[in-house]
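Okay, run26.tsv is below, TSV, C-alpha atoms and all ligand atoms:
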```tsv
chain	number	residue	atom	x	y	z
A	89	MET	CA	-106.71	-144.56	83.22
A	90	THR	CA	-108.18	-141.10	82.75
A	91	LEU	CA	-110.28	-139.86	85.69
A	92	ILE	CA	-112.97	-137.23	85.22
A	93	PHE	CA	-114.66	-135.68	88.27
A	94	VAL	CA	-118.22	-134.44	87.70
A	95	SER	CA	-119.16	-132.11	90.54
A	96	SER	CA	-122.97	-131.93	90.30
A	97	PRO	CA	-125.78	-133.54	88.28
A	98	VAL	CA	-125.43	-133.25	84.50
A	99	HIS	CA	-127.47	-134.51	81.53
A	100	SER	CA	-127.48	-138.31	81.13
A	101	ASP	CA	-126.02	-138.03	77.60
A	102	VAL	CA	-123.12	-136.09	79.10
A	103	LEU	CA	-122.44	-138.77	81.68
A	104	SER	CA	-122.45	-141.53	79.06
A	105	SER	CA	-120.10	-139.54	76.81
A	106	ALA	CA	-117.82	-138.86	79.78
A	107	ALA	CA	-117.68	-142.58	80.49
A	108	GLU	CA	-116.29	-143.10	76.97
A	109	LEU	CA	-113.35	-140.83	77.85
A	110	GLY	CA	-112.41	-142.54	81.09
A	111	THR	CA	-113.51	-143.33	84.63
A	112	VAL	CA	-116.08	-140.92	86.00
A	113	ALA	CA	-116.17	-139.96	89.68
A	114	LEU	CA	-119.34	-138.23	90.80
A	115	GLY	CA	-119.47	-135.51	93.43
A	116	TYR	CA	-123.18	-136.19	94.05
A	117	GLY	CA	-125.71	-138.98	94.47
A	118	PRO	CA	-125.41	-142.32	96.24
A	119	ASP	CA	-121.88	-142.95	94.91
A	120	ALA	CA	-120.69	-139.44	95.73
A	121	VAL	CA	-117.02	-139.04	96.40
A	122	ALA	CA	-115.44	-135.89	97.80
A	123	TYR	CA	-113.06	-134.18	95.38
A	124	ASP	CA	-110.31	-134.19	98.00
A	125	VAL	CA	-110.36	-137.99	98.06
A	126	ILE	CA	-109.64	-138.38	94.32
A	127	LYS	CA	-107.83	-135.11	93.61
A	128	ALA	CA	-104.41	-136.71	93.26
A	129	LYS	CA	-105.70	-138.84	90.37
A	130	ALA	CA	-108.15	-136.46	88.64
A	131	ASP	CA	-107.27	-135.47	85.06
A	132	ALA	CA	-110.32	-133.30	84.43
A	133	VAL	CA	-113.12	-131.65	86.37
A	134	LEU	CA	-116.54	-130.93	84.91
A	135	LEU	CA	-117.70	-128.16	87.24
A	136	ARG	CA	-121.30	-127.11	87.74
A	137	SER	CA	-122.33	-124.96	90.66
A	138	GLY	CA	-119.73	-124.79	93.42
A	139	PHE	CA	-116.31	-123.31	93.81
A	140	PHE	CA	-112.98	-124.57	92.54
A	141	THR	CA	-110.30	-122.96	94.65
A	142	ASP	CA	-106.51	-122.87	94.73
A	143	ASP	CA	-106.68	-125.24	97.73
A	144	MET	CA	-108.57	-127.76	95.62
A	145	MET	CA	-105.99	-127.43	92.84
A	146	ALA	CA	-103.12	-127.99	95.27
A	147	GLY	CA	-102.34	-131.70	95.19
A	148	SER	CA	-104.29	-132.15	91.95
A	149	SER	CA	-101.06	-133.07	90.25
A	150	ASN	CA	-102.64	-134.71	87.16
A	151	LEU	CA	-105.30	-132.09	86.67
A	152	ARG	CA	-105.27	-130.59	83.16
A	153	ILE	CA	-108.62	-128.86	82.86
A	154	VAL	CA	-111.50	-127.44	84.86
A	155	ALA	CA	-114.38	-127.24	82.39
A	156	ARG	CA	-117.16	-124.96	83.62
A	157	HIS	CA	-120.60	-126.28	82.84
A	158	GLY	CA	-122.00	-122.83	82.04
A	159	VAL	CA	-120.89	-119.33	81.19
A	160	GLY	CA	-119.81	-117.80	84.49
A	161	THR	CA	-116.28	-118.56	85.65
A	162	ASP	CA	-116.53	-116.51	88.84
A	163	THR	CA	-116.41	-119.67	90.97
A	164	VAL	CA	-113.01	-120.74	89.66
A	165	ASP	CA	-109.69	-119.29	90.84
A	166	ILE	CA	-108.47	-118.61	87.31
A	167	PRO	CA	-105.09	-117.03	88.22
A	168	ALA	CA	-104.30	-120.10	90.35
A	169	ALA	CA	-105.30	-122.43	87.51
A	170	THR	CA	-103.16	-120.48	85.05
A	171	ARG	CA	-100.19	-120.62	87.41
A	172	ARG	CA	-100.65	-124.33	87.96
A	173	GLY	CA	-100.95	-125.16	84.24
A	174	ILE	CA	-104.64	-125.99	84.35
A	175	TRP	CA	-106.97	-124.96	81.54
A	176	VAL	CA	-110.25	-123.31	82.47
A	177	THR	CA	-113.03	-123.41	79.89
A	178	ASN	CA	-116.68	-122.41	79.75
A	179	THR	CA	-119.62	-122.89	77.41
A	180	PRO	CA	-120.73	-119.52	76.04
A	181	GLY	CA	-124.14	-119.48	74.41
A	182	GLY	CA	-125.11	-123.02	75.40
A	183	ASN	CA	-127.81	-121.97	77.85
A	184	SER	CA	-128.69	-118.54	76.43
A	185	ARG	CA	-132.11	-119.57	75.15
A	186	ALA	CA	-132.93	-121.35	78.41
A	187	VAL	CA	-131.98	-118.35	80.55
A	188	ALA	CA	-133.77	-115.90	78.25
A	189	GLU	CA	-136.97	-117.96	78.37
A	190	HIS	CA	-136.69	-118.09	82.18
A	191	VAL	CA	-136.39	-114.30	82.20
A	192	PHE	CA	-139.74	-114.11	80.44
A	193	ALA	CA	-141.25	-116.78	82.66
A	194	LEU	CA	-140.42	-114.46	85.57
A	195	ILE	CA	-141.56	-111.26	83.83
A	196	LEU	CA	-144.87	-112.72	82.66
A	197	SER	CA	-145.55	-114.37	86.03
A	198	LEU	CA	-145.00	-111.05	87.78
A	199	ALA	CA	-146.95	-109.06	85.18
A	200	ARG	CA	-149.95	-111.38	85.62
A	201	LYS	CA	-149.45	-112.06	89.37
A	202	LEU	CA	-149.43	-115.79	88.75
A	203	PRO	CA	-147.93	-116.87	92.12
A	204	VAL	CA	-150.65	-114.99	94.04
A	205	ALA	CA	-153.41	-116.07	91.65
A	206	SER	CA	-152.41	-119.70	91.91
A	207	ALA	CA	-152.00	-119.62	95.69
A	208	GLN	CA	-155.39	-117.95	96.14
A	209	THR	CA	-157.15	-120.32	93.80
A	210	GLN	CA	-155.56	-123.46	95.23
A	211	GLY	CA	-156.42	-122.10	98.68
A	212	GLY	CA	-160.10	-122.15	97.75
A	213	ILE	CA	-160.52	-118.49	96.82
A	214	TRP	CA	-162.00	-118.44	93.33
A	215	GLY	CA	-163.63	-115.26	92.14
A	216	GLU	CA	-164.09	-112.93	95.08
A	217	ARG	CA	-160.56	-111.49	95.02
A	218	ARG	CA	-160.10	-111.29	91.25
A	219	ALA	CA	-159.71	-107.52	91.41
A	220	GLU	CA	-156.40	-107.98	93.23
A	221	LEU	CA	-155.10	-109.87	90.22
A	222	ASN	CA	-155.25	-107.14	87.59
A	223	GLY	CA	-152.14	-107.47	85.45
A	224	ILE	CA	-150.22	-105.47	82.91
A	225	GLU	CA	-149.41	-106.20	79.27
A	226	LEU	CA	-145.85	-106.18	78.01
A	227	ALA	CA	-146.59	-104.88	74.50
A	228	GLY	CA	-145.76	-101.20	74.32
A	229	ARG	CA	-143.63	-101.29	77.46
A	230	THR	CA	-139.90	-100.77	77.71
A	231	LEU	CA	-137.45	-103.53	78.52
A	232	GLY	CA	-134.09	-102.33	79.83
A	233	LEU	CA	-131.19	-104.75	79.55
A	234	VAL	CA	-128.14	-104.04	81.66
A	235	GLY	CA	-125.55	-106.01	79.71
A	236	GLN	CA	-126.22	-107.57	76.35
A	237	GLY	CA	-124.04	-110.56	75.72
A	238	SER	CA	-125.31	-113.81	74.31
A	239	ILE	CA	-128.17	-114.15	76.83
A	240	GLY	CA	-129.18	-110.48	76.69
A	241	SER	CA	-129.38	-110.70	72.89
A	242	VAL	CA	-131.96	-113.50	73.09
A	243	VAL	CA	-133.87	-111.61	75.80
A	244	ALA	CA	-133.94	-108.58	73.47
A	245	GLU	CA	-135.22	-110.71	70.57
A	246	ILE	CA	-138.06	-112.16	72.67
A	247	GLY	CA	-138.90	-108.75	74.12
A	248	ARG	CA	-139.21	-107.21	70.66
A	249	ALA	CA	-141.35	-110.14	69.51
A	250	LEU	CA	-143.72	-109.33	72.39
A	251	GLY	CA	-143.94	-105.71	71.23
A	252	MET	CA	-141.57	-104.23	73.81
A	253	THR	CA	-139.14	-101.40	73.14
A	254	VAL	CA	-135.66	-102.56	74.10
A	255	LEU	CA	-133.03	-100.28	75.66
A	256	VAL	CA	-129.55	-101.57	76.45
A	257	THR	CA	-126.71	-100.36	78.65
A	258	ASP	CA	-123.45	-102.04	77.72
A	259	PRO	CA	-120.06	-100.33	77.42
A	260	GLY	CA	-119.03	-102.99	74.89
A	261	LEU	CA	-121.64	-101.92	72.33
A	262	ASP	CA	-121.54	-99.12	69.77
A	263	GLN	CA	-122.77	-96.21	71.89
A	264	THR	CA	-124.17	-94.42	68.84
A	265	LEU	CA	-126.85	-97.09	68.30
A	266	PRO	CA	-130.23	-95.56	69.17
A	267	HIS	CA	-131.23	-98.28	71.65
A	268	VAL	CA	-127.87	-98.15	73.53
A	269	VAL	CA	-128.27	-95.69	76.40
A	270	PRO	CA	-126.54	-94.76	79.65
A	271	LEU	CA	-127.67	-96.61	82.77
A	272	GLY	CA	-129.43	-93.55	84.19
A	273	ARG	CA	-131.68	-93.24	81.14
A	274	LEU	CA	-132.38	-96.96	81.08
A	275	LEU	CA	-133.41	-96.95	84.74
A	276	ALA	CA	-135.64	-93.91	84.22
A	277	GLU	CA	-137.43	-95.32	81.17
A	278	ALA	CA	-137.62	-99.09	81.62
A	279	ASP	CA	-140.75	-100.84	82.88
A	280	VAL	CA	-138.68	-104.00	83.26
A	281	VAL	CA	-134.95	-103.98	84.09
A	282	SER	CA	-133.15	-107.28	83.46
A	283	LEU	CA	-129.53	-107.85	84.49
A	284	HIS	CA	-127.11	-109.76	82.26
A	285	LEU	CA	-123.73	-109.00	83.78
A	286	PRO	CA	-120.94	-110.83	85.55
A	287	LEU	CA	-120.42	-109.99	89.23
A	288	LEU	CA	-117.37	-107.74	89.43
A	289	PRO	CA	-116.37	-105.06	91.93
A	290	ALA	CA	-117.76	-102.50	89.47
A	291	THR	CA	-121.10	-104.28	89.02
A	292	ARG	CA	-121.77	-105.30	92.66
A	293	GLY	CA	-124.93	-103.56	93.84
A	294	ILE	CA	-125.60	-101.99	90.45
A	295	ILE	CA	-129.24	-102.11	91.51
A	296	ASP	CA	-129.01	-100.53	94.95
A	297	ALA	CA	-131.19	-98.06	96.85
A	298	ALA	CA	-129.92	-95.15	94.73
A	299	ALA	CA	-130.57	-96.98	91.46
A	300	ILE	CA	-134.05	-97.94	92.62
A	301	THR	CA	-134.92	-94.29	93.28
A	302	ARG	CA	-134.11	-93.59	89.63
A	303	MET	CA	-136.47	-96.30	88.39
A	304	LYS	CA	-140.07	-95.92	87.31
A	305	GLN	CA	-142.77	-96.38	89.92
A	306	GLY	CA	-143.94	-100.00	89.73
A	307	ALA	CA	-141.02	-101.23	87.60
A	308	ILE	CA	-139.99	-104.88	87.63
A	309	VAL	CA	-136.40	-106.08	88.32
A	310	ILE	CA	-135.13	-109.41	86.99
A	311	ASN	CA	-131.79	-110.91	87.98
A	312	THR	CA	-130.71	-114.15	86.33
A	313	GLY	CA	-127.06	-113.05	86.21
A	314	ARG	CA	-125.29	-113.31	89.53
A	315	GLY	CA	-126.33	-112.69	93.12
A	316	GLY	CA	-124.79	-109.48	94.43
A	317	LEU	CA	-125.77	-107.39	91.39
A	318	VAL	CA	-128.84	-106.41	93.40
A	319	ASP	CA	-128.81	-105.01	96.94
A	320	GLU	CA	-131.40	-107.43	98.28
A	321	ASP	CA	-132.26	-105.35	101.38
A	322	ALA	CA	-132.95	-102.27	99.27
A	323	LEU	CA	-134.95	-104.39	96.83
A	324	ALA	CA	-137.03	-105.92	99.63
A	325	ARG	CA	-137.86	-102.46	100.99
A	326	ALA	CA	-138.88	-101.23	97.55
A	327	LEU	CA	-141.07	-104.28	96.95
A	328	ALA	CA	-142.71	-104.05	100.37
A	329	SER	CA	-143.49	-100.35	99.95
A	330	GLY	CA	-144.82	-100.78	96.42
A	331	ARG	CA	-142.11	-98.53	94.98
A	332	LEU	CA	-141.22	-101.44	92.68
A	333	GLY	CA	-143.92	-103.58	91.11
A	334	GLY	CA	-142.10	-106.89	91.29
A	335	ALA	CA	-138.83	-108.76	91.21
A	336	GLY	CA	-137.74	-112.10	89.83
A	337	LEU	CA	-134.46	-113.47	91.16
A	338	ASP	CA	-132.79	-116.68	90.02
A	339	VAL	CA	-129.59	-115.86	91.90
A	340	LEU	CA	-128.86	-114.63	95.41
A	341	ASP	CA	-125.91	-112.92	97.02
A	342	ALA	CA	-125.65	-115.81	99.51
A	343	GLU	CA	-124.51	-118.03	96.61
A	344	ASN	CA	-121.24	-116.12	96.62
A	345	ILE	CA	-120.55	-117.59	100.04
A	346	ASP	CA	-121.72	-121.11	99.39
A	347	MET	CA	-122.90	-121.73	95.84
A	348	VAL	CA	-124.45	-125.11	96.51
A	349	THR	CA	-126.45	-124.34	99.65
A	350	PRO	CA	-126.96	-120.60	99.51
A	351	LEU	CA	-129.36	-120.48	102.44
A	352	PRO	CA	-126.97	-121.49	105.23
A	353	HIS	CA	-129.16	-119.92	107.87
A	354	ASN	CA	-132.36	-121.38	106.40
A	355	ARG	CA	-133.40	-117.86	105.75
A	356	LEU	CA	-134.09	-116.29	102.40
A	357	PRO	CA	-132.74	-112.74	102.59
A	358	ILE	CA	-135.98	-111.53	101.10
A	359	ALA	CA	-139.17	-113.51	101.39
A	360	ASP	CA	-142.92	-113.42	101.99
A	361	LEU	CA	-143.48	-110.73	99.42
A	362	PRO	CA	-146.33	-111.34	96.99
A	363	ASN	CA	-144.55	-109.42	94.23
A	364	LEU	CA	-141.33	-111.46	94.49
A	365	ILE	CA	-140.43	-114.71	92.74
A	366	VAL	CA	-137.22	-116.50	93.69
A	367	THR	CA	-135.90	-119.58	91.89
A	368	PRO	CA	-132.79	-121.56	92.92
A	369	HIS	CA	-130.37	-120.77	90.06
A	370	VAL	CA	-132.23	-122.86	87.50
A	371	ALA	CA	-132.64	-120.39	84.64
A	372	GLY	CA	-130.17	-122.31	82.46
A	373	GLN	CA	-131.55	-125.67	83.46
A	374	THR	CA	-133.58	-126.99	80.52
A	375	ASP	CA	-133.11	-130.44	79.08
A	376	GLU	CA	-131.81	-128.89	75.86
A	377	ALA	CA	-129.37	-126.52	77.53
A	378	LEU	CA	-128.06	-129.10	80.00
A	379	ARG	CA	-127.27	-131.45	77.12
A	380	GLN	CA	-125.69	-128.75	74.97
A	381	VAL	CA	-123.69	-127.16	77.79
A	382	GLY	CA	-122.47	-130.49	79.17
A	383	LEU	CA	-121.42	-131.86	75.80
A	384	THR	CA	-119.61	-128.63	74.94
A	385	ALA	CA	-117.69	-128.74	78.23
A	386	LEU	CA	-116.89	-132.39	77.64
A	387	ALA	CA	-115.62	-131.71	74.12
A	388	ASP	CA	-113.07	-129.34	75.62
A	389	ILE	CA	-112.10	-131.92	78.22
A	390	ALA	CA	-111.57	-134.43	75.41
A	391	ALA	CA	-109.50	-131.90	73.43
A	392	VAL	CA	-107.21	-131.12	76.35
A	393	LEU	CA	-106.78	-134.80	77.21
A	394	ARG	CA	-105.75	-135.36	73.56
A	395	GLY	CA	-103.18	-132.57	73.95
A	396	GLU	CA	-105.12	-130.06	71.85
A	397	CYS	CA	-106.29	-126.55	72.63
A	398	PRO	CA	-109.81	-126.34	74.02
A	399	ARG	CA	-112.35	-124.39	71.99
A	400	PHE	CA	-113.64	-122.15	74.76
A	401	CYS	CA	-110.62	-121.44	76.94
A	402	VAL	CA	-110.80	-118.58	79.42
A	403	ASN	CA	-107.14	-118.82	80.39
A	404	GLN	CA	-103.84	-119.82	78.86
A	405	PRO	CA	-102.00	-122.02	81.36
A	406	LEU	CA	-98.47	-120.87	81.94
A	407	THR	CA	-96.89	-124.29	82.16
A	408	ASP	CA	-98.91	-126.16	79.57
A	409	PRO	CA	-96.60	-127.96	77.11
A	410	ALA	CA	-95.53	-125.75	74.21
A	411	ARG	CA	-98.12	-125.60	71.49
A	412	ALA	CA	-99.69	-122.98	69.26
A	413	PRO	CA	-101.25	-120.40	71.57
A	414	CYS	CA	-105.01	-120.69	71.75
A	415	ARG	CA	-107.09	-117.72	70.82
A	416	LEU	CA	-108.54	-116.41	74.06
A	417	PRO	CA	-112.13	-115.25	73.87
A	418	ALA	CA	-113.26	-111.81	74.94
A	419	ALA	CA	-113.67	-111.25	78.67
A	420	PRO	CA	-116.60	-113.26	80.07
A	421	ARG	CA	-119.90	-111.41	79.88
B	501	LIG	O1	-122.87	-119.78	84.54
B	501	LIG	C1	-123.91	-120.23	84.03
B	501	LIG	O2	-124.03	-120.41	82.81
B	501	LIG	C2	-125.07	-120.55	84.90
B	501	LIG	O3	-124.90	-119.99	86.17
B	501	LIG	C3	-125.34	-122.04	84.98
B	501	LIG	O4	-124.30	-122.70	85.58
B	501	LIG	P1	-124.45	-124.24	86.02
B	501	LIG	O5	-124.44	-125.06	84.78
B	501	LIG	O6	-123.30	-124.49	86.91
B	501	LIG	O7	-125.75	-124.40	86.73
```
As C-alpha cells:
Amino acid sequence: MTLIFVSSPVHSDVLSSAAELGTVALGYGPDAVAYDVIKAKADAVLLRSGFFTDDMMAGSSNLRIVARHGVGTDTVDIPAATRRGIWVTNTPGGNSRAVAEHVFALILSLARKLPVASAQTQGGIWGERRAELNGIELAGRTLGLVGQGSIGSVVAEIGRALGMTVLVTDPGLDQTLPHVVPLGRLLAEADVVSLHLPLLPATRGIIDAAAITRMKQGAIVINTGRGGLVDEDALARALASGRLGGAGLDVLDAENIDMVTPLPHNRLPIADLPNLIVTPHVAGQTDEALRQVGLTALADIAAVLRGECPRFCVNQPLTDPARAPCRLPAAPR
C-alpha cells in the first residue's frame, strides 16, 4: 500500500485527494507521527514548512518524491535527493496571487499606520492622537522590486493598478527595458522596496546597513521572500531611528535554523517597533492558494507513483529508472 507523509497542515481537499492515492500519515495534529517512525515505508512526502535533510532520506528506502508545497526548495537537500533517486518538485505560481496580496496588505497597513491606529482605538484612545496617524498615499510613489519572478510580476501589476511607478532589479530580465534598473538606482528611488528572491549566498543580507543608507528617507521595506535577505539588526536600528518609515516581514532569519518554530528563544529579533509588522510566514496562506498549491504538489506525487515524470521537477534523480528525461525548469526564483 502506498504511504504518503504530509508534514504540516494542508487544505482539506488536498488531504481527501491524497487519501485516494494511498494511506496518509500526518506529521501534525492529534494523530501526528514522526517521519522517522514511518520513513522506511514512505513512498512520497508532501512537504510544507520544515526541512527535509539527507539524514531523513537515509533509510527512506521506498521514497520516490519529496513534493514541496510551495515555491522555495531551500529546505530540501536537493543534491542528496538527486543522489538517492528521489524526485524533488515544487509548485511555481500557485501562491503568487496570495503572496502579492499579502505584500500590499503589509504596504497599505504601514502606509496608513493601521497597527498603531487599531491598538490606540481599541485601547480607548479615539480622536485625541489622530495627528500621529497621518498616512501616505501609494499613487505616484515608486515601488522597487528586487527580483521579479512569478510573485514579483503580480506585485508589479497591483502596484501599477494603484498608480505606482514600478522599478525592478533582476539579472534575469532584459536590462534594456526602461523599468529594469541596477540595485543602487532602485534603492535610491523607491519609496517601497519589496524582496522577491531566493536566499542564496549572493542574496543574504541584500538589505543590510549599507543598502539602507542608500535608500530614501522614510522608505518602506517588505520581505515576503526568505528570512536572511534582510539584516534584521540593521533594519531594527533604521526603524527605531526613523531612517526607514516602516517594514513588513513575513519571514525571519531564525526560520533558517528551525523553520517550524523560528523563535526558539521566545524572542523576536526585532520587536516593539510601531512601524514594524511581522507575520509568521503566512503570505501564501489563502484558501485558494493552499488548495491550488497542495493539489499541484499532489498531482506530481501521483505522476511519480505512476512511474511518470512530474510536471514541476527541480531535480533529475540519478538512479530513477530509465525514462525520457524530464525538462527541468529554470533555477528557482
Ligand atoms: O515557498 C513558498 O512558496 C512559501 O514559503 C510557502 O511555503 P509553505 O506552503 O511551505 O508554507
- Item | Within 9 Å of Leu340 (chain A) using only C-alpha atoms, minus same-chain residues under 3 positions, as a list in words | Asn311, Arg314, Gly315, Gly316, Leu317, Val318, Glu320, Leu337, Glu343, Asn344, Pro350, Leu356, Pro357, Val366, Pro368 and His369 of chain A
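Taking CA of Ala385 (chain A) as the reference point, CA of Thr257 (chain A) is found at 29.8 Å.
Considering only C-alpha atoms and all ligand atoms, the residue among A:Glu396, A:Asp119, A:Asp101, A:Asp162 positioned nearest to ligand LIG 501 (chain B) is A:Asp162.
Here the question is which of A:Leu287, A:Glu225, A:Leu323, A:Ala298 gets nearest to ligand LIG 501 (chain B) using all atoms listed in the file, and that residue is A:Leu287.
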May I have a table of the residues of chain A lying at most 6 Å from ligand LIG 501 (chain B), giving each one's closest pair of atoms and their distance in Å to one decimal, counting all atoms listed in the file, ordered by chain and ascending residue number, as JSON lines?
```
{"residue": "A:Arg136", "atom": "CA", "partner": "B:LIG501", "partner_atom": "O6", "distance": 3.4}
{"residue": "A:Ser137", "atom": "CA", "partner": "B:LIG501", "partner_atom": "O6", "distance": 3.9}
{"residue": "A:His157", "atom": "CA", "partner": "B:LIG501", "partner_atom": "O5", "distance": 4.5}
{"residue": "A:Gly158", "atom": "CA", "partner": "B:LIG501", "partner_atom": "O2", "distance": 3.3}
{"residue": "A:Val159", "atom": "CA", "partner": "B:LIG501", "partner_atom": "O2", "distance": 3.7}
{"residue": "A:Gly160", "atom": "CA", "partner": "B:LIG501", "partner_atom": "O1", "distance": 3.6}
{"residue": "A:Gly372", "atom": "CA", "partner": "B:LIG501", "partner_atom": "C3", "distance": 5.5}
```
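Minimum atom-to-atom distances from A:Pro97, A:Pro167, A:Gly395, A:Gly272 to Lys304 (chain A) were compared using all atoms listed in the file, and the lowest value belongs to A:Gly272.
Put simply, CA of Ser282 (chain A) is 5.1 Å away from CA of Leu233 (chain A).
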- Item | Distance query 12 Å from (-136.6, -98.7, 71.4) using all atoms listed in the file, result as an MDAnalysis selection string | chainID A and resid 228:233 244 247:248 251:256 265:269 274 277:278
Using all atoms listed in the file, which residues of region 184-297 of chain A come within 12 Å of region 173-180 of chain A, and what is the closest atom pair for each, with the distance in Å to one decimal? Give it as a tab-separated table, sorted by chain and residue number.
```
residue	atom	partner	partner_atom	distance
A:Ser184	CA	A:Pro180	CA	8.0
A:Arg185	CA	A:Pro180	CA	11.4
A:Gly237	CA	A:Pro180	CA	9.6
A:Ser238	CA	A:Pro180	CA	7.5
A:Ile239	CA	A:Pro180	CA	9.2
```
Would you kindly place all heavy atoms on region 212-219 of chain A and return the model as a tab-separated table (two decimals), keeping the file's coordinate frame?
```
chain	number	residue	atom	x	y	z
A	212	GLY	N	-158.64	-122.13	97.70
A	212	GLY	CA	-160.10	-122.15	97.75
A	212	GLY	C	-160.75	-120.81	97.45
A	212	GLY	O	-161.97	-120.68	97.49
A	213	ILE	N	-159.93	-119.79	97.15
A	213	ILE	CA	-160.52	-118.49	96.82
A	213	ILE	C	-160.64	-118.43	95.30
A	213	ILE	O	-159.63	-118.44	94.59
A	213	ILE	CB	-159.60	-117.35	97.31
A	213	ILE	CG1	-159.45	-117.43	98.83
A	213	ILE	CG2	-160.15	-115.99	96.90
A	213	ILE	CD1	-158.38	-116.51	99.38
A	214	TRP	N	-161.85	-118.39	94.78
A	214	TRP	CA	-162.00	-118.44	93.33
A	214	TRP	C	-162.18	-117.04	92.77
A	214	TRP	O	-161.23	-116.43	92.33
A	214	TRP	CB	-163.17	-119.37	92.95
A	214	TRP	CG	-163.41	-119.40	91.48
A	214	TRP	CD1	-164.48	-118.86	90.82
A	214	TRP	CD2	-162.57	-119.98	90.48
A	214	TRP	NE1	-164.36	-119.06	89.48
A	214	TRP	CE2	-163.19	-119.75	89.23
A	214	TRP	CE3	-161.36	-120.65	90.50
A	214	TRP	CZ2	-162.65	-120.16	88.02
A	214	TRP	CZ3	-160.82	-121.07	89.29
A	214	TRP	CH2	-161.46	-120.84	88.08
A	215	GLY	N	-163.36	-116.50	92.86
A	215	GLY	CA	-163.63	-115.26	92.14
A	215	GLY	C	-163.61	-114.01	92.98
A	215	GLY	O	-163.41	-112.91	92.48
A	216	GLU	N	-163.80	-114.14	94.29
A	216	GLU	CA	-164.09	-112.93	95.08
A	216	GLU	C	-162.92	-111.96	95.18
A	216	GLU	O	-163.13	-110.79	95.50
A	216	GLU	CB	-164.65	-113.28	96.47
A	216	GLU	CG	-163.76	-114.12	97.38
A	216	GLU	CD	-163.98	-115.63	97.23
A	216	GLU	OE1	-164.21	-116.07	96.08
A	216	GLU	OE2	-163.91	-116.35	98.23
A	217	ARG	N	-161.69	-112.43	94.91
A	217	ARG	CA	-160.56	-111.49	95.02
A	217	ARG	C	-159.89	-111.25	93.67
A	217	ARG	O	-158.71	-110.92	93.58
A	217	ARG	CB	-159.57	-112.01	96.06
A	217	ARG	CG	-160.15	-111.86	97.48
A	217	ARG	CD	-159.31	-112.51	98.54
A	217	ARG	NE	-157.99	-111.89	98.67
A	217	ARG	CZ	-157.06	-112.30	99.53
A	217	ARG	NH1	-157.32	-113.33	100.34
A	217	ARG	NH2	-155.90	-111.72	99.59
A	218	ARG	N	-160.68	-111.45	92.59
A	218	ARG	CA	-160.10	-111.29	91.25
A	218	ARG	C	-159.54	-109.89	91.01
A	218	ARG	O	-158.59	-109.71	90.27
A	218	ARG	CB	-161.14	-111.61	90.17
A	218	ARG	CG	-161.28	-113.09	89.92
A	218	ARG	CD	-161.85	-113.34	88.56
A	218	ARG	NE	-163.10	-112.62	88.36
A	218	ARG	CZ	-163.72	-112.51	87.18
A	218	ARG	NH1	-163.21	-113.08	86.12
A	218	ARG	NH2	-164.85	-111.85	87.06
A	219	ALA	N	-160.15	-108.90	91.64
A	219	ALA	CA	-159.71	-107.52	91.41
A	219	ALA	C	-158.27	-107.30	91.85
A	219	ALA	O	-157.58	-106.41	91.34
A	219	ALA	CB	-160.63	-106.55	92.14
```
